[in-house]
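Trainee: Right, I'll just put the structure down here and ask away after.
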Amino acid sequence: MKRQLTHLPGRFWLWPSFSAASLLPHQTPATNSWLASSKLHSAPGMALQDVCKWQSPDTQGPSPHLPRAGGWAVPRGCDPQTFLQIHGPRLAHGTTTLAFRFRHGVIAAADTRSSCGSYVACPASCKVIPVHQHLLGTTSGTSADCATWYRVLQRELRLRELREGQLPSVASAAKLLSAMMSRYRGLDLCVATALCGWDRSGPELFYVYSDGTRLQGDIFSVGSGSPYAYGVLDHGYRYDMSTQEAYALARCAVAHATYRDAYSGGSVDLFHVRESGWEHVSRSDACVLYMELQELLEPEPEEDASHAHPEPATAHRAAEDTELSVGPGEMIPGDSRMPAGTETV
């Protein structure tokens with residue numbers, strides 16, 4: 001059977017229905033079985049792999065260039081923890097994140113400045129990361145570590161939801177994250193987060209640190225600006241406050257922290273976790289917000305002197321009565337005159 005050659009520009013010839021089987025000189029029983037198996041491949045590249053005996057790398061398994069789980073690429077004979085403490089990079093972290101629980105849910109707020117030492121790496125980053133519809137968390141520490149571990153947490157919670165048929169509680173998510181990160185204690189992993197969620201028991205708030213620390217509470221603030229945020233939160237926090245009061249308190253705390261802390265700034269992100277799920281309330285400029293708060297706290301201007309109230313006459317009458325009641329040998333307080341009965345030398 002004749003096949004027609006197709007001429008392409010540039011001195012190329014195309015043979016129709018070319019495959020690796022056409023490279024064989026003749027057909028034998030062994031080649032017939034090979035041709036039957038090669039028809040299962042739809043792409044010509046698969047047949048070419050069989051001819052060249054080339055195996056594609058397994059993309060599903062772990063990369064051979066990455067260290068094994070629990071192992072680190074450090075010089076031979078060195079302890080990973082000691083090596084990283086001596087030769088590891090020294091990164092200055094700075095941020096302001098806060099979260100508190102109240103009657104209508106959980107409020108999470110954070111600034112948007114990502115700093116790298118004395119430089120501003122990103123002025124508009126998002127430090128509140130959603131995990132699922134009813135759970136989110138604030139991030140403080142190394143940005144790469146926080147993003148990586150939240151992706152791991154999202155995957156594990158999704159797998160558990162598929163196995164059990166329901167979302168895990170906030171306490172279970174905090175315990176899982178704490179257990180996973182505690183294995184890397186002492187290896188310069190820096191993740192400090194506040195998990196905010198709503199489960200079957202109501203609004204819940206947990207603080208988790210990379211060394212395995214896990215705490216439950218009503219108010220948490222993490223980062224270099226947390227001392228300033230705690231001062232505002234301790235003054236105005238009430239569990240039974242309204243939603244608008246909670247919004248104002250969170251904005252005020254982060255704005256004051258960004259004004260005092262050099263590593264915090266940018267904008268103020270505000271999130272609210274309700275029974276129906278979390279929502280992004282607003283993103284406000286931190287500098288503008290702080291100036292608005294200062295204007296509200298300024299005292300009213302004093303009245304003019306012409307409108308000032310005159311001193312009451314009772315004070316003058318009381319002074320006159322005091323002078324009349326003073327005897328000749330007594331001295332009035334503040335009077336520099338000598339008493340009548342005093343001898344002069």
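Letters for chains follow the order of the structure tokens (A, B, ...), residue numbers begin at 1 for each chain, and ligand numbers begin at 1 in the order shown.
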Which residues are close to stretch 185-191 of chain A, i.e. within 8 Å by only C-alpha atoms, leaving aside same-chain residues fewer than 4 positions away? Reply as a PyMOL selection string.
Mentor: chain A and resi 80-81+84-85+139-142+145-146+181+209-212
Trainee: Restrict the selected residues to N, CA and C atoms and save them as an mmCIF file, in the first residue's frame.
Mentor:
data_model
loop_
_atom_site.group_PDB
_atom_site.id
_atom_site.type_symbol
_atom_site.label_atom_id
_atom_site.label_comp_id
_atom_site.auth_asym_id
_atom_site.auth_seq_id
_atom_site.Cartn_x
_atom_site.Cartn_y
_atom_site.Cartn_z
ATOM 1 N N PRO A 80 21.761 19.313 63.092
ATOM 2 C CA PRO A 80 20.970 20.343 62.403
ATOM 3 C C PRO A 80 20.606 21.520 63.287
ATOM 4 N N GLN A 81 20.214 21.241 64.531
ATOM 5 C CA GLN A 81 19.805 22.331 65.414
ATOM 6 C C GLN A 81 20.970 23.264 65.723
ATOM 7 N N LEU A 84 22.026 25.303 62.462
ATOM 8 C CA LEU A 84 21.127 26.395 62.096
ATOM 9 C C LEU A 84 21.201 27.544 63.094
ATOM 10 N N GLN A 85 21.443 27.226 64.360
ATOM 11 C CA GLN A 85 21.556 28.300 65.347
ATOM 12 C C GLN A 85 22.807 29.137 65.138
ATOM 13 N N THR A 139 -1.466 35.450 61.114
ATOM 14 C CA THR A 139 -0.121 34.942 60.925
ATOM 15 C C THR A 139 0.889 35.957 61.417
ATOM 16 N N SER A 140 1.869 35.476 62.158
ATOM 17 C CA SER A 140 2.957 36.298 62.651
ATOM 18 C C SER A 140 4.208 35.441 62.689
ATOM 19 N N GLY A 141 5.316 35.982 62.197
ATOM 20 C CA GLY A 141 6.552 35.237 62.118
ATOM 21 C C GLY A 141 7.125 35.301 60.723
ATOM 22 N N THR A 142 7.700 34.217 60.261
ATOM 23 C CA THR A 142 8.231 34.144 58.899
ATOM 24 C C THR A 142 7.087 33.899 57.930
ATOM 25 N N ASP A 145 7.005 30.386 56.261
ATOM 26 C CA ASP A 145 6.591 29.330 57.191
ATOM 27 C C ASP A 145 5.091 29.368 57.448
ATOM 28 N N CYS A 146 4.560 30.565 57.647
ATOM 29 C CA CYS A 146 3.123 30.687 57.919
ATOM 30 C C CYS A 146 2.296 30.211 56.731
ATOM 31 N N MET A 181 3.734 20.996 64.060
ATOM 32 C CA MET A 181 4.866 21.917 64.133
ATOM 33 C C MET A 181 5.818 21.595 65.274
ATOM 34 N N TYR A 209 1.771 28.194 68.754
ATOM 35 C CA TYR A 209 3.136 28.612 68.408
ATOM 36 C C TYR A 209 3.899 27.425 67.833
ATOM 37 N N SER A 210 4.984 27.719 67.114
ATOM 38 C CA SER A 210 5.698 26.683 66.382
ATOM 39 C C SER A 210 6.416 25.688 67.285
ATOM 40 N N ASP A 211 6.609 25.991 68.549
ATOM 41 C CA ASP A 211 7.239 25.028 69.451
ATOM 42 C C ASP A 211 6.236 24.061 70.065
ATOM 43 N N GLY A 212 4.988 24.130 69.660
ATOM 44 C CA GLY A 212 3.956 23.238 70.158
ATOM 45 C C GLY A 212 3.041 23.843 71.191
#
Trainee: What's around A:His256 at 7 Å? Count only C-alpha atoms, leave out sequence neighbours fewer than 5 positions away in its own chain, and write the answer as a PyMOL selection string.
Mentor: chain A and resi 228-229+290
Trainee: Generate the output file for the selected residues, C-alpha atoms, as a short mmCIF file (atom, residue, chain, number, x, y, z; two decimals), in the first residue's frame.
Mentor:
data_model
loop_
_atom_site.label_atom_id
_atom_site.label_comp_id
_atom_site.auth_asym_id
_atom_site.auth_seq_id
_atom_site.Cartn_x
_atom_site.Cartn_y
_atom_site.Cartn_z
CA TYR A 228 0.51 48.57 72.32
CA ALA A 229 -2.50 46.60 71.07
CA TYR A 290 -5.09 56.96 63.47
#
Trainee: Find the spatial neighbours of A:His235, counting only C-alpha atoms, within a cut-off of 12 Å - ignore same-chain residues fewer than 5 positions away - and output them as a list of chain:residue names.
Mentor: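 The residues that qualify are A:Tyr228, A:Ala229, A:Tyr230, A:Leu249, A:Ala250, A:Cys252, A:Ala253.
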Trainee: Mind giving me the straight-line distance from atom CA of A:Ser226 to atom CA of A:Arg113 in Å, one decimal?
Mentor: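 Taking atom CA of A:Ser226 and atom CA of A:Arg113, their separation equals 14.5 Å.
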Trainee: Could you pull out the residues in stretch 75-272 of chain A that DSSP calls strand (DSSP E) from the backbone, as JSON, numbers by chain?
Mentor: {"A": [97, 98, 99, 100, 101, 102, 105, 106, 107, 108, 109, 110, 111, 114, 115, 116, 119, 120, 121, 122, 128, 129, 130, 131, 132, 135, 136, 137, 138, 139, 140, 141, 191, 192, 193, 194, 195, 196, 197, 198, 199, 202, 203, 204, 205, 206, 207, 208, 209, 214, 215, 216, 219, 220, 221, 222, 267, 268, 269, 270, 271, 272]}
Trainee: Any idea what the distance is between atom CA of A:Asp269 and atom CA of A:Met180?
Mentor: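 Atom-to-atom, atom CA of A:Asp269 to atom CA of A:Met180, that is 27.9 Å.
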Trainee: Taking only C-alpha atoms into account, name the residue in A:Ala173, A:Ala110, A:Ala248, A:Leu296 that is nearest to A:Ser125.
Mentor: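 The shortest atom-to-atom distance to A:Ser125 comes from A:Ala110.
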Trainee: List every residue of stretch 114-243 of chain A that DSSP, applied to the backbone of this structure, assigns to alpha helix (DSSP H), and report them as JSON, numbers by chain.
Mentor: {"A": [143, 144, 145, 146, 147, 148, 149, 150, 151, 152, 153, 154, 155, 156, 157, 158, 159, 160, 161, 162, 163, 164, 170, 171, 172, 173, 174, 175, 176, 177, 178, 179, 180, 181, 182, 226, 227, 228, 229, 230, 231, 232, 233, 234, 235, 236, 243]}
Trainee: So how far away is atom CA of A:Leu177 from atom CA of A:Arg101, in Å?
Mentor: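 Taking atom CA of A:Arg101 and atom CA of A:Leu177, their separation equals 20.3 Å.
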Trainee: Which residues, written as a list in words, have at least one atom at most 10 Å from A:Tyr247, with only C-alpha atoms counted and residues fewer than 3 positions away on the same chain left out?
Mentor: Ile107, Ala108, Ala109, Ser242, Thr243, Gln244, Ala250, Arg251, Cys252, Leu270, Phe271, His272, Val281 and Ser282 of chain A
Trainee: Restricting the calculation to only C-alpha atoms: of A:Ser276, A:Ser284, A:Ser221, A:Thr112, which residue gets closest to A:Trp198?
Mentor: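 When distances to A:Trp198 are compared using only C-alpha atoms, the smallest one comes from A:Ser276.
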Trainee: Please determine, counting only C-alpha atoms, which residue among A:Val208, A:Leu157, A:Cys196, A:Val170 has the shortest atom-to-atom distance to A:Val128.
Mentor: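 Of A:Val208, A:Leu157, A:Cys196, A:Val170, the one nearest A:Val128, counting only C-alpha atoms, is A:Cys196.
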